$ cat target_26.pdb   # PDB, C-alpha atoms
ATOM      1  CA  MET A   1      90.510  87.428 103.891
ATOM      2  CA  ARG A   2      88.335  87.007 100.815
ATOM      3  CA  SER A   3      89.877  84.681  98.233
ATOM      4  CA  LEU A   4      91.483  86.354  95.230
ATOM      5  CA  ALA A   5      91.631  83.157  93.182
ATOM      6  CA  GLY A   6      90.526  83.834  89.623
ATOM      7  CA  THR A   7      89.973  87.556  90.163
ATOM      8  CA  VAL A   8      91.020  89.732  87.209
ATOM      9  CA  VAL A   9      92.858  92.860  88.321
ATOM     10  CA  LEU A  10      94.170  95.598  86.024
ATOM     11  CA  ILE A  11      97.039  97.614  87.512
ATOM     12  CA  THR A  12      98.373 100.696  85.747
ATOM     13  CA  GLY A  13     102.007 101.555  86.295
ATOM     14  CA  GLY A  14     102.638  97.944  87.241
ATOM     15  CA  THR A  15     106.271  97.824  86.144
ATOM     16  CA  ALA A  16     107.815  99.529  89.191
ATOM     17  CA  GLY A  17     107.283 100.689  92.746
ATOM     18  CA  ILE A  18     103.919 100.240  94.412
ATOM     19  CA  GLY A  19     102.317  98.895  91.233
ATOM     20  CA  ARG A  20     104.855  96.124  90.727
ATOM     21  CA  THR A  21     104.744  95.117  94.383
ATOM     22  CA  THR A  22     100.942  95.054  94.300
ATOM     23  CA  ALA A  23     100.927  92.936  91.145
ATOM     24  CA  ARG A  24     103.361  90.460  92.665
ATOM     25  CA  LEU A  25     101.303  90.081  95.856
ATOM     26  CA  LEU A  26      97.998  89.700  94.020
ATOM     27  CA  ALA A  27      99.419  87.105  91.642
ATOM     28  CA  ARG A  28     100.918  85.197  94.550
ATOM     29  CA  ASN A  29      97.430  85.008  96.041
ATOM     30  CA  GLY A  30      95.819  83.603  92.905
ATOM     31  CA  ALA A  31      94.620  86.663  91.002
ATOM     32  CA  HIS A  32      94.925  87.062  87.244
ATOM     33  CA  VAL A  33      96.965  90.257  87.013
ATOM     34  CA  ALA A  34      97.169  92.572  84.011
ATOM     35  CA  ILE A  35      99.784  95.326  84.165
ATOM     36  CA  CYS A  36     100.827  98.139  81.879
ATOM     37  CA  GLY A  37     103.768 100.499  81.559
ATOM     38  CA  ARG A  38     105.367 102.763  78.990
ATOM     39  CA  ASP A  39     108.748 100.999  78.839
ATOM     40  CA  GLN A  40     108.834  97.609  77.104
ATOM     41  CA  GLU A  41     112.049  96.472  78.806
ATOM     42  CA  ARG A  42     110.644  97.243  82.250
ATOM     43  CA  LEU A  43     107.406  95.540  81.338
ATOM     44  CA  ASP A  44     109.229  92.415  80.191
ATOM     45  CA  ALA A  45     111.281  92.355  83.401
ATOM     46  CA  ALA A  46     108.162  92.666  85.551
ATOM     47  CA  LEU A  47     106.412  89.874  83.643
ATOM     48  CA  ARG A  48     109.393  87.574  84.106
ATOM     49  CA  GLU A  49     109.241  88.249  87.837
ATOM     50  CA  ILE A  50     105.470  87.678  88.046
ATOM     51  CA  PRO A  51     104.675  84.460  86.140
ATOM     52  CA  ARG A  52     100.895  84.799  86.503
ATOM     53  CA  ALA A  53     100.854  88.326  85.126
ATOM     54  CA  TRP A  54     100.036  89.520  81.625
ATOM     55  CA  GLY A  55     100.913  92.966  80.335
ATOM     56  CA  MET A  56     101.094  95.406  77.486
ATOM     57  CA  CYS A  57     102.805  98.705  76.736
ATOM     58  CA  CYS A  58     100.490 101.634  77.282
ATOM     59  CA  ASP A  59     100.851 105.383  77.717
ATOM     60  CA  VAL A  60      97.963 106.277  79.984
ATOM     61  CA  THR A  61      98.067 109.903  78.798
ATOM     62  CA  VAL A  62      96.913 108.784  75.331
ATOM     63  CA  PRO A  63      93.121 108.238  75.101
ATOM     64  CA  ALA A  64      93.448 105.579  72.396
ATOM     65  CA  ASP A  65      95.956 103.656  74.525
ATOM     66  CA  ARG A  66      93.585 103.711  77.493
ATOM     67  CA  GLU A  67      90.753 102.323  75.387
ATOM     68  CA  ARG A  68      93.032  99.684  73.847
ATOM     69  CA  LEU A  69      94.247  98.582  77.282
ATOM     70  CA  VAL A  70      90.810  98.078  78.792
ATOM     71  CA  ARG A  71      89.525  96.327  75.667
ATOM     72  CA  ALA A  72      92.544  94.001  75.558
ATOM     73  CA  VAL A  73      92.191  92.965  79.210
ATOM     74  CA  ALA A  74      88.449  92.340  78.873
ATOM     75  CA  GLU A  75      88.959  90.278  75.717
ATOM     76  CA  ARG A  76      91.817  88.223  77.160
ATOM     77  CA  PHE A  77      90.233  87.372  80.513
ATOM     78  CA  GLY A  78      86.543  87.735  79.707
ATOM     79  CA  ARG A  79      85.975  90.281  82.449
ATOM     80  CA  ILE A  80      87.593  92.838  84.761
ATOM     81  CA  ASP A  81      86.949  92.600  88.494
ATOM     82  CA  ALA A  82      89.155  95.420  89.765
ATOM     83  CA  LEU A  83      91.122  98.421  88.533
ATOM     84  CA  VAL A  84      94.105  99.768  90.470
ATOM     85  CA  ASN A  85      94.813 103.304  89.244
ATOM     86  CA  ASN A  86      98.451 103.321  90.279
ATOM     87  CA  ALA A  87     100.279 105.053  87.406
ATOM     88  CA  GLY A  88     101.494 108.446  88.530
ATOM     89  CA  GLN A  89     104.126 111.068  87.934
ATOM     90  CA  GLY A  90     105.833 113.593  90.156
ATOM     91  CA  ARG A  91     107.381 116.917  89.333
ATOM     92  CA  VAL A  92     109.760 118.603  91.735
ATOM     93  CA  GLY A  93     109.650 122.336  91.148
ATOM     94  CA  LYS A  94     107.687 125.466  91.881
ATOM     95  CA  LEU A  95     104.656 125.943  89.668
ATOM     96  CA  GLY A  96     106.068 129.145  88.221
ATOM     97  CA  ASP A  97     109.201 127.282  87.114
ATOM     98  CA  LEU A  98     107.366 124.521  85.221
ATOM     99  CA  THR A  99     106.662 124.566  81.501
ATOM    100  CA  GLY A 100     103.182 124.298  80.099
ATOM    101  CA  ASP A 101     103.940 120.797  78.812
ATOM    102  CA  GLN A 102     105.137 119.697  82.252
ATOM    103  CA  VAL A 103     101.913 120.945  83.816
ATOM    104  CA  SER A 104      99.741 119.247  81.199
ATOM    105  CA  THR A 105     101.594 115.938  81.434
ATOM    106  CA  LEU A 106     101.404 115.806  85.212
ATOM    107  CA  VAL A 107      97.670 116.484  85.211
ATOM    108  CA  ASP A 108      97.109 113.990  82.379
ATOM    109  CA  VAL A 109      98.937 111.168  84.171
ATOM    110  CA  ASN A 110      97.800 111.807  87.727
ATOM    111  CA  PHE A 111      94.193 112.828  87.200
ATOM    112  CA  THR A 112      92.810 112.665  83.656
ATOM    113  CA  ALA A 113      94.005 109.093  83.079
ATOM    114  CA  VAL A 114      92.601 108.005  86.442
ATOM    115  CA  ALA A 115      89.175 109.453  85.678
ATOM    116  CA  ASP A 116      89.022 108.121  82.122
ATOM    117  CA  LEU A 117      90.265 104.614  82.906
ATOM    118  CA  THR A 118      87.679 104.391  85.667
ATOM    119  CA  ARG A 119      85.003 105.512  83.205
ATOM    120  CA  LEU A 120      86.100 102.832  80.739
ATOM    121  CA  VAL A 121      86.256 100.030  83.301
ATOM    122  CA  LEU A 122      82.925 100.619  85.051
ATOM    123  CA  PRO A 123      80.821  99.048  82.247
ATOM    124  CA  ALA A 124      83.135  96.008  82.231
ATOM    125  CA  PHE A 125      82.166  95.195  85.818
ATOM    126  CA  GLY A 126      78.649  94.326  84.773
ATOM    127  CA  ALA A 127      75.998  93.230  87.242
ATOM    128  CA  ARG A 128      78.516  91.425  89.462
ATOM    129  CA  GLY A 129      80.166  94.733  90.453
ATOM    130  CA  GLY A 130      83.839  95.353  91.071
ATOM    131  CA  HIS A 131      86.467  97.446  92.792
ATOM    132  CA  VAL A 132      88.234 100.658  91.812
ATOM    133  CA  VAL A 133      91.365 101.520  93.788
ATOM    134  CA  MET A 134      92.849 104.998  93.402
ATOM    135  CA  MET A 135      96.331 105.895  94.582
ATOM    136  CA  SER A 136      96.285 109.359  96.097
ATOM    137  CA  SER A 137      98.746 110.691  98.685
ATOM    138  CA  VAL A 138      99.018 112.217 102.123
ATOM    139  CA  SER A 139      99.876 115.355 100.156
ATOM    140  CA  ALA A 140      96.208 115.495  99.127
ATOM    141  CA  TRP A 141      95.540 116.612 102.716
ATOM    142  CA  VAL A 142      98.757 118.557 103.301
ATOM    143  CA  PRO A 143     100.099 120.174 100.103
ATOM    144  CA  ILE A 144     103.874 119.988 100.007
ATOM    145  CA  PRO A 145     106.060 122.570  98.234
ATOM    146  CA  PRO A 146     107.791 122.293  95.804
ATOM    147  CA  LEU A 147     105.254 119.608  94.917
ATOM    148  CA  SER A 148     102.216 121.881  94.947
ATOM    149  CA  LEU A 149     100.897 120.794  91.547
ATOM    150  CA  TYR A 150     101.508 117.133  92.352
ATOM    151  CA  SER A 151      99.659 117.631  95.645
ATOM    152  CA  ALA A 152      96.761 119.260  93.805
ATOM    153  CA  THR A 153      96.414 116.341  91.380
ATOM    154  CA  LYS A 154      96.357 113.909  94.290
ATOM    155  CA  ALA A 155      93.720 116.021  96.030
ATOM    156  CA  GLY A 156      91.702 115.756  92.821
ATOM    157  CA  VAL A 157      92.014 111.959  92.879
ATOM    158  CA  LEU A 158      90.856 111.895  96.492
ATOM    159  CA  GLY A 159      87.865 114.099  95.683
ATOM    160  CA  LEU A 160      86.959 111.984  92.673
ATOM    161  CA  ALA A 161      87.048 108.788  94.716
ATOM    162  CA  LEU A 162      84.886 110.216  97.490
ATOM    163  CA  GLY A 163      82.331 111.536  94.992
ATOM    164  CA  LEU A 164      82.198 108.318  92.985
ATOM    165  CA  ARG A 165      81.269 106.320  96.052
ATOM    166  CA  ARG A 166      77.833 107.959  95.895
ATOM    167  CA  GLU A 167      77.580 107.788  92.114
ATOM    168  CA  VAL A 168      78.567 104.288  90.986
ATOM    169  CA  PRO A 169      76.069 101.423  90.692
ATOM    170  CA  ARG A 170      75.392  99.136  93.614
ATOM    171  CA  GLY A 171      78.067  96.468  93.860
ATOM    172  CA  VAL A 172      80.890  98.768  92.765
ATOM    173  CA  ARG A 173      83.239  99.819  95.550
ATOM    174  CA  VAL A 174      85.629 102.743  95.267
ATOM    175  CA  HIS A 175      88.734 102.788  97.448
ATOM    176  CA  VAL A 176      91.361 105.493  97.840
ATOM    177  CA  VAL A 177      94.840 104.992  99.298
ATOM    178  CA  CYS A 178      96.798 107.963 100.660
ATOM    179  CA  PRO A 179     100.323 106.733 101.475
ATOM    180  CA  GLY A 180     102.930 108.732 103.297
ATOM    181  CA  PRO A 181     106.659 108.415 102.527
ATOM    182  CA  ILE A 182     107.434 105.397 100.353
ATOM    183  CA  ARG A 183     110.891 104.249  99.273
ATOM    184  CA  THR A 184     110.806 104.141  95.464
ATOM    185  CA  GLU A 185     112.920 105.509  92.624
ATOM    186  CA  TRP A 186     110.474 108.310  91.814
ATOM    187  CA  LEU A 187     112.345 111.181  93.453
ATOM    188  CA  SER A 188     115.809 110.113  92.357
ATOM    189  CA  ARG A 189     114.584 109.704  88.778
ATOM    190  CA  GLU A 190     112.962 113.125  88.830
ATOM    191  CA  LEU A 191     116.212 114.679  90.066
ATOM    192  CA  ASN A 192     118.309 112.641  87.602
ATOM    193  CA  GLY A 193     120.025 110.846  90.452
ATOM    194  CA  ARG A 194     121.069 114.061  92.225
ATOM    195  CA  ARG A 195     120.504 114.358  95.940
ATOM    196  CA  PRO A 196     117.847 116.987  96.702
ATOM    197  CA  SER A 197     119.309 120.327  97.696
ATOM    198  CA  THR A 198     118.085 122.156 100.773
ATOM    199  CA  SER A 199     115.787 124.283  98.603
ATOM    200  CA  HIS A 200     114.281 121.143  97.026
ATOM    201  CA  ARG A 201     114.057 118.971 100.102
ATOM    202  CA  THR A 202     110.551 117.660 100.192
ATOM    203  CA  VAL A 203     108.993 117.750 103.642
ATOM    204  CA  SER A 204     106.173 115.577 104.861
ATOM    205  CA  PRO A 205     104.347 115.691 108.190
ATOM    206  CA  GLN A 206     106.757 112.918 109.224
ATOM    207  CA  GLY A 207     109.859 114.981 108.388
ATOM    208  CA  PRO A 208     112.229 115.574 105.434
ATOM    209  CA  ILE A 209     112.280 113.124 102.575
ATOM    210  CA  ARG A 210     115.801 112.422 101.377
ATOM    211  CA  GLY A 211     117.329 110.133  98.789
ATOM    212  CA  THR A 212     114.647 107.961  97.238
ATOM    213  CA  TRP A 213     111.836 108.698  99.658
ATOM    214  CA  LEU A 214     108.758 110.388  98.325
ATOM    215  CA  VAL A 215     105.297 111.316  99.433
ATOM    216  CA  ARG A 216     103.124 109.134  97.244
TER     217      ARG A 216
END
$ encode --input "target_26.pdb" --output "C-alpha coordinates"
Amino acid sequence: MRSLAGTVVLITGGTAGIGRTTARLLARNGAHVAICGRDQERLDAALREIPRAWGMCCDVTVPADRERLVRAVAERFGRIDALVNNAGQGRVGKLGDLTGDQVSTLVDVNFTAVADLTRLVLPAFGARGGHVVMMSSVSAWVPIPPLSLYSATKAGVLGLALGLRREVPRGVRVHVVCPGPIRTEWLSRELNGRRPSTSHRTVSPQGPIRGTWLVR
(Lines of atoms letter the chains of each structure in order from A and count residues from 1; the text may use other names and numbers.)
(Lines give C-alpha, C1' and ligand atoms only; values in the text may rest on other atoms or scores of the structure.)
Protein backbone atom coordinates (compact mmCIF):
# COMPACT_ATOMS: atom_id res chain seq x y z
CA MET A 1 0.00 0.00 0.00
CA ARG A 2 1.19 3.51 -0.79
CA SER A 3 2.66 5.28 2.24
CA LEU A 4 0.43 7.85 3.91
CA ALA A 5 3.26 9.42 5.89
CA GLY A 6 3.01 13.20 5.76
CA THR A 7 -0.17 13.24 3.68
CA VAL A 8 -2.64 15.98 4.65
CA VAL A 9 -6.22 14.72 4.70
CA LEU A 10 -9.30 16.82 5.49
CA ILE A 11 -12.26 14.79 6.75
CA THR A 12 -15.66 16.41 7.27
CA GLY A 13 -17.89 14.93 9.93
CA GLY A 14 -14.81 13.47 11.58
CA THR A 15 -16.17 13.46 15.13
CA ALA A 16 -18.29 10.29 14.88
CA GLY A 17 -19.07 7.18 12.89
CA ILE A 18 -17.28 6.51 9.62
CA GLY A 19 -15.47 9.86 9.72
CA ARG A 20 -13.96 9.32 13.15
CA THR A 21 -12.92 5.77 12.33
CA THR A 22 -11.34 6.93 9.07
CA ALA A 23 -9.46 9.72 10.84
CA ARG A 24 -8.13 7.31 13.45
CA LEU A 25 -6.90 4.82 10.83
CA LEU A 26 -5.27 7.48 8.66
CA ALA A 27 -3.50 9.07 11.62
CA ARG A 28 -2.30 5.67 12.77
CA ASN A 29 -0.70 5.23 9.36
CA GLY A 30 1.17 8.53 9.45
CA ALA A 31 -1.19 11.01 7.81
CA HIS A 32 -1.75 14.54 9.07
CA VAL A 33 -5.50 14.51 9.68
CA ALA A 34 -7.76 17.55 9.88
CA ILE A 35 -11.33 16.94 11.05
CA CYS A 36 -14.37 19.11 11.57
CA GLY A 37 -17.71 18.82 13.32
CA ARG A 38 -20.48 21.05 14.62
CA ASP A 39 -20.21 20.03 18.29
CA GLN A 40 -17.18 21.30 20.20
CA GLU A 41 -17.38 18.64 22.92
CA ARG A 42 -17.46 15.84 20.35
CA LEU A 43 -14.63 17.47 18.47
CA ASP A 44 -12.51 17.70 21.61
CA ALA A 45 -13.21 14.05 22.44
CA ALA A 46 -12.21 12.94 18.95
CA LEU A 47 -8.99 14.96 19.08
CA ARG A 48 -8.06 13.42 22.42
CA GLU A 49 -8.55 9.99 20.89
CA ILE A 50 -6.52 10.81 17.77
CA PRO A 51 -3.29 12.52 18.90
CA ARG A 52 -2.08 13.29 15.37
CA ALA A 53 -5.32 14.98 14.39
CA TRP A 54 -6.16 18.68 14.29
CA GLY A 55 -9.69 20.02 14.11
CA MET A 56 -12.06 22.93 14.20
CA CYS A 57 -15.78 23.50 14.64
CA CYS A 58 -17.53 23.95 11.33
CA ASP A 59 -21.10 23.83 10.07
CA VAL A 60 -20.72 22.60 6.51
CA THR A 61 -24.11 24.08 5.57
CA VAL A 62 -22.69 27.59 6.05
CA PRO A 63 -20.68 28.84 3.04
CA ALA A 64 -18.43 31.04 5.17
CA ASP A 65 -17.62 28.09 7.45
CA ARG A 66 -16.67 25.96 4.46
CA GLU A 67 -14.31 28.63 3.17
CA ARG A 68 -12.83 29.16 6.64
CA LEU A 69 -12.24 25.43 7.08
CA VAL A 70 -10.37 24.93 3.82
CA ARG A 71 -8.32 28.09 4.33
CA ALA A 72 -7.39 27.08 7.89
CA VAL A 73 -6.23 23.59 6.86
CA ALA A 74 -4.17 24.93 3.95
CA GLU A 75 -2.54 27.57 6.16
CA ARG A 76 -1.77 25.16 9.00
CA PHE A 77 -0.30 22.33 6.92
CA GLY A 78 0.83 24.20 3.82
CA ARG A 79 -1.22 22.02 1.50
CA ILE A 80 -4.17 19.62 1.22
CA ASP A 81 -3.62 16.23 -0.39
CA ALA A 82 -7.06 14.68 0.05
CA LEU A 83 -10.62 15.60 0.98
CA VAL A 84 -13.01 13.04 2.47
CA ASN A 85 -16.56 14.37 2.09
CA ASN A 86 -18.01 12.34 4.94
CA ALA A 87 -20.38 14.74 6.74
CA GLY A 88 -23.95 13.67 6.14
CA GLN A 89 -27.42 13.76 7.60
CA GLY A 90 -30.37 11.42 7.44
CA ARG A 91 -34.05 12.11 7.75
CA VAL A 92 -36.50 9.31 8.44
CA GLY A 93 -39.89 10.29 7.08
CA LYS A 94 -41.96 10.49 3.94
CA LEU A 95 -41.23 13.52 1.79
CA GLY A 96 -44.76 14.83 2.23
CA ASP A 97 -44.32 14.78 6.01
CA LEU A 98 -41.10 16.82 6.06
CA THR A 99 -40.93 20.57 6.57
CA GLY A 100 -39.32 22.88 4.07
CA ASP A 101 -36.44 23.52 6.47
CA GLN A 102 -35.84 19.78 6.89
CA VAL A 103 -35.67 19.35 3.12
CA SER A 104 -33.30 22.29 2.69
CA THR A 105 -31.00 21.19 5.50
CA LEU A 106 -30.73 17.63 4.24
CA VAL A 107 -29.86 18.78 0.72
CA ASP A 108 -27.40 21.37 2.06
CA VAL A 109 -25.51 18.84 4.20
CA ASN A 110 -25.57 15.85 1.87
CA PHE A 111 -25.08 17.50 -1.50
CA THR A 112 -24.45 21.25 -1.56
CA ALA A 113 -21.66 21.08 1.04
CA VAL A 114 -20.04 18.17 -0.79
CA ALA A 115 -20.01 20.04 -4.10
CA ASP A 116 -18.80 23.33 -2.63
CA LEU A 117 -16.06 21.85 -0.44
CA THR A 118 -14.77 19.94 -3.45
CA ARG A 119 -14.78 23.18 -5.45
CA LEU A 120 -12.81 24.93 -2.71
CA VAL A 121 -10.25 22.15 -2.28
CA LEU A 122 -9.43 21.50 -5.94
CA PRO A 123 -7.20 24.61 -6.31
CA ALA A 124 -5.34 23.64 -3.12
CA PHE A 125 -4.14 20.42 -4.74
CA GLY A 126 -1.96 22.33 -7.15
CA ALA A 127 0.15 20.63 -9.79
CA ARG A 128 0.85 17.60 -7.58
CA GLY A 129 -2.83 16.53 -7.72
CA GLY A 130 -4.85 14.95 -4.95
CA HIS A 131 -7.78 12.78 -4.00
CA VAL A 132 -11.45 13.54 -3.40
CA VAL A 133 -13.46 10.85 -1.61
CA MET A 134 -17.24 11.16 -1.54
CA MET A 135 -19.43 9.13 0.78
CA SER A 136 -22.56 8.06 -1.06
CA SER A 137 -24.71 5.03 -0.22
CA VAL A 138 -26.15 1.84 -1.62
CA SER A 139 -29.41 3.80 -1.48
CA ALA A 140 -28.09 5.84 -4.42
CA TRP A 141 -28.78 2.74 -6.53
CA VAL A 142 -31.84 1.46 -4.65
CA PRO A 143 -33.92 4.29 -3.13
CA ILE A 144 -35.26 3.27 0.25
CA PRO A 145 -38.53 4.60 1.70
CA PRO A 146 -39.02 6.39 4.06
CA LEU A 147 -35.56 7.68 3.16
CA SER A 148 -36.43 8.77 -0.38
CA LEU A 149 -34.97 12.27 -0.07
CA TYR A 150 -31.84 10.94 1.63
CA SER A 151 -31.50 8.39 -1.17
CA ALA A 152 -31.87 11.15 -3.76
CA THR A 153 -29.10 13.25 -2.20
CA LYS A 154 -26.79 10.24 -2.20
CA ALA A 155 -27.64 9.56 -5.84
CA GLY A 156 -26.66 13.17 -6.51
CA VAL A 157 -23.30 12.63 -4.79
CA LEU A 158 -22.71 9.51 -6.88
CA GLY A 159 -23.55 11.37 -10.09
CA LEU A 160 -21.31 14.28 -9.14
CA ALA A 161 -18.37 11.97 -8.45
CA LEU A 162 -18.76 10.10 -11.74
CA GLY A 163 -19.00 13.35 -13.71
CA LEU A 164 -16.04 14.97 -11.97
CA ARG A 165 -13.78 12.10 -12.94
CA ARG A 166 -13.91 13.41 -16.52
CA GLU A 167 -13.73 17.07 -15.52
CA VAL A 168 -10.93 17.49 -12.96
CA PRO A 169 -7.32 18.19 -13.94
CA ARG A 170 -4.89 15.36 -14.54
CA GLY A 171 -3.51 14.08 -11.26
CA VAL A 172 -6.77 14.55 -9.35
CA ARG A 173 -8.62 11.33 -8.56
CA VAL A 174 -12.26 11.22 -7.53
CA HIS A 175 -13.49 8.26 -5.51
CA VAL A 176 -17.02 7.41 -4.38
CA VAL A 177 -17.92 4.97 -1.61
CA CYS A 178 -21.40 3.42 -1.46
CA PRO A 179 -21.66 1.51 1.83
CA GLY A 180 -24.50 -0.77 2.77
CA PRO A 181 -25.71 -1.14 6.37
CA ILE A 182 -23.30 0.39 8.88
CA ARG A 183 -23.65 0.30 12.66
CA THR A 184 -23.59 3.94 13.79
CA GLU A 185 -25.75 6.18 15.97
CA TRP A 186 -27.35 7.95 13.01
CA LEU A 187 -30.70 6.15 13.03
CA SER A 188 -31.12 6.09 16.79
CA ARG A 189 -30.33 9.81 16.98
CA GLU A 190 -32.82 10.58 14.23
CA LEU A 191 -35.51 8.63 16.08
CA ASN A 192 -34.53 10.16 19.44
CA GLY A 193 -33.52 6.77 20.76
CA ARG A 194 -36.85 5.12 19.89
CA ARG A 195 -36.82 1.77 18.14
CA PRO A 196 -38.15 2.09 14.58
CA SER A 197 -41.78 1.07 14.26
CA THR A 198 -42.91 -1.31 11.55
CA SER A 199 -43.98 1.64 9.39
CA HIS A 200 -40.53 3.24 9.78
CA ARG A 201 -38.39 0.15 9.48
CA THR A 202 -35.79 0.93 6.91
CA VAL A 203 -35.18 -1.89 4.46
CA SER A 204 -32.04 -2.47 2.47
CA PRO A 205 -31.35 -5.10 -0.18
CA GLN A 206 -29.75 -7.07 2.68
CA GLY A 207 -32.90 -6.95 4.84
CA PRO A 208 -34.44 -4.76 7.57
CA ILE A 209 -32.27 -2.31 9.44
CA ARG A 210 -33.06 -2.25 13.14
CA GLY A 211 -31.62 -0.47 16.14
CA THR A 212 -28.59 1.55 15.12
CA TRP A 213 -28.10 0.13 11.65
CA LEU A 214 -28.44 2.46 8.72
CA VAL A 215 -27.89 2.50 5.01
CA ARG A 216 -25.06 4.98 4.63
$ resolve_selection --input "target_26.pdb" --expression "the PyMOL selection byres ((chain A and resi 51-55) around 8)" --output "PyMOL selection string"
chain A and resi 23+27+31-36+43+47-50+56-57
$ resolve_selection --input "target_26.pdb" --expression "the PyMOL selection byres ((chain A and resi 62) around 12)" --output "JSON, numbers by chain"
{"A": [38, 57, 58, 59, 60, 61, 63, 64, 65, 66, 67, 68, 69, 105, 108, 109, 112, 113, 114, 116, 117]}
$ atom_distance --input "target_26.pdb" --atom1 "CA of Val107 (chain A)" --atom2 "CA of Ala155 (chain A)"
11.5 Å
$ closest_residue --input "target_26.pdb" --among "A:Pro179, A:Pro146, A:Gly130, A:Gly30" --to "Val84 (chain A)" --atoms "all atoms listed in the file"
A:Gly130
$ atom_distance --input "target_26.pdb" --atom1 "CA of Val177 (chain A)" --atom2 "CA of Val132 (chain A)"
10.9 Å
$ atom_distance --input "target_26.pdb" --atom1 "CA of Ala5 (chain A)" --atom2 "CA of Thr118 (chain A)"
22.9 Å
$ residues_around --input "target_26.pdb" --residues "Ile80 (chain A)" --least-positions-apart "6" --cutoff "9 Å" --atoms "only C-alpha atoms" --output "VMD selection string"
chain A and resid 7 to 10 70 73 to 74 121 124 to 125 130
$ build_atoms --input "target_26.pdb" --residues "region 118-145 of chain A" --atoms "N, CA and C atoms" --output "short mmCIF file (atom, residue, chain, number, x, y, z; two decimals), in the coordinates of the input"
data_model
loop_
_atom_site.label_atom_id
_atom_site.label_comp_id
_atom_site.auth_asym_id
_atom_site.auth_seq_id
_atom_site.Cartn_x
_atom_site.Cartn_y
_atom_site.Cartn_z
N THR A 118 88.80 104.80 84.82
CA THR A 118 87.68 104.39 85.67
C THR A 118 86.39 104.39 84.86
N ARG A 119 86.19 105.43 84.06
CA ARG A 119 85.00 105.51 83.20
C ARG A 119 84.93 104.32 82.26
N LEU A 120 86.07 103.93 81.70
CA LEU A 120 86.10 102.83 80.74
C LEU A 120 85.88 101.47 81.40
N VAL A 121 86.34 101.33 82.63
CA VAL A 121 86.26 100.03 83.30
C VAL A 121 84.88 99.78 83.92
N LEU A 122 84.20 100.80 84.35
CA LEU A 122 82.92 100.62 85.05
C LEU A 122 81.94 99.73 84.27
N PRO A 123 81.75 99.93 82.97
CA PRO A 123 80.82 99.05 82.25
C PRO A 123 81.29 97.60 82.21
N ALA A 124 82.60 97.38 82.29
CA ALA A 124 83.14 96.01 82.23
C ALA A 124 82.82 95.22 83.50
N PHE A 125 82.50 95.89 84.58
CA PHE A 125 82.17 95.20 85.82
C PHE A 125 80.85 94.43 85.68
N GLY A 126 79.93 95.00 84.94
CA GLY A 126 78.65 94.33 84.77
C GLY A 126 77.85 94.26 86.07
N ALA A 127 76.89 93.34 86.10
CA ALA A 127 76.00 93.23 87.24
C ALA A 127 76.69 92.70 88.48
N ARG A 128 77.83 92.01 88.30
CA ARG A 128 78.52 91.42 89.46
C ARG A 128 79.25 92.47 90.30
N GLY A 129 79.46 93.68 89.73
CA GLY A 129 80.17 94.73 90.45
C GLY A 129 81.67 94.58 90.36
N GLY A 130 82.38 95.40 91.10
CA GLY A 130 83.84 95.35 91.07
C GLY A 130 84.43 96.40 91.99
N HIS A 131 85.74 96.53 91.91
CA HIS A 131 86.47 97.45 92.79
C HIS A 131 87.33 98.40 91.97
N VAL A 132 87.32 99.66 92.36
CA VAL A 132 88.23 100.66 91.81
C VAL A 132 89.10 101.16 92.95
N VAL A 133 90.41 101.05 92.78
CA VAL A 133 91.36 101.52 93.79
C VAL A 133 92.14 102.69 93.19
N MET A 134 92.15 103.81 93.88
CA MET A 134 92.85 105.00 93.40
C MET A 134 93.98 105.35 94.36
N MET A 135 95.17 105.53 93.79
CA MET A 135 96.33 105.90 94.58
C MET A 135 96.42 107.41 94.68
N SER A 136 96.13 107.93 95.85
CA SER A 136 96.28 109.36 96.10
C SER A 136 97.56 109.55 96.91
N SER A 137 97.54 110.40 97.91
CA SER A 137 98.75 110.69 98.68
C SER A 137 98.36 111.47 99.93
N VAL A 138 99.20 111.37 100.95
CA VAL A 138 99.02 112.22 102.12
C VAL A 138 99.10 113.69 101.74
N SER A 139 99.78 113.97 100.61
CA SER A 139 99.88 115.36 100.16
C SER A 139 98.54 115.89 99.65
N ALA A 140 97.55 115.02 99.46
CA ALA A 140 96.21 115.50 99.13
C ALA A 140 95.60 116.27 100.29
N TRP A 141 96.02 115.92 101.51
CA TRP A 141 95.54 116.61 102.72
C TRP A 141 96.46 117.76 103.12
N VAL A 142 97.77 117.55 102.90
CA VAL A 142 98.76 118.56 103.30
C VAL A 142 99.64 118.86 102.09
N PRO A 143 99.30 119.86 101.29
CA PRO A 143 100.10 120.17 100.10
C PRO A 143 101.55 120.47 100.48
N ILE A 144 102.47 119.95 99.66
CA ILE A 144 103.87 119.99 100.01
C ILE A 144 104.67 120.72 98.92
N PRO A 145 105.17 121.92 99.20
CA PRO A 145 106.06 122.57 98.23
C PRO A 145 107.44 121.93 98.28
#
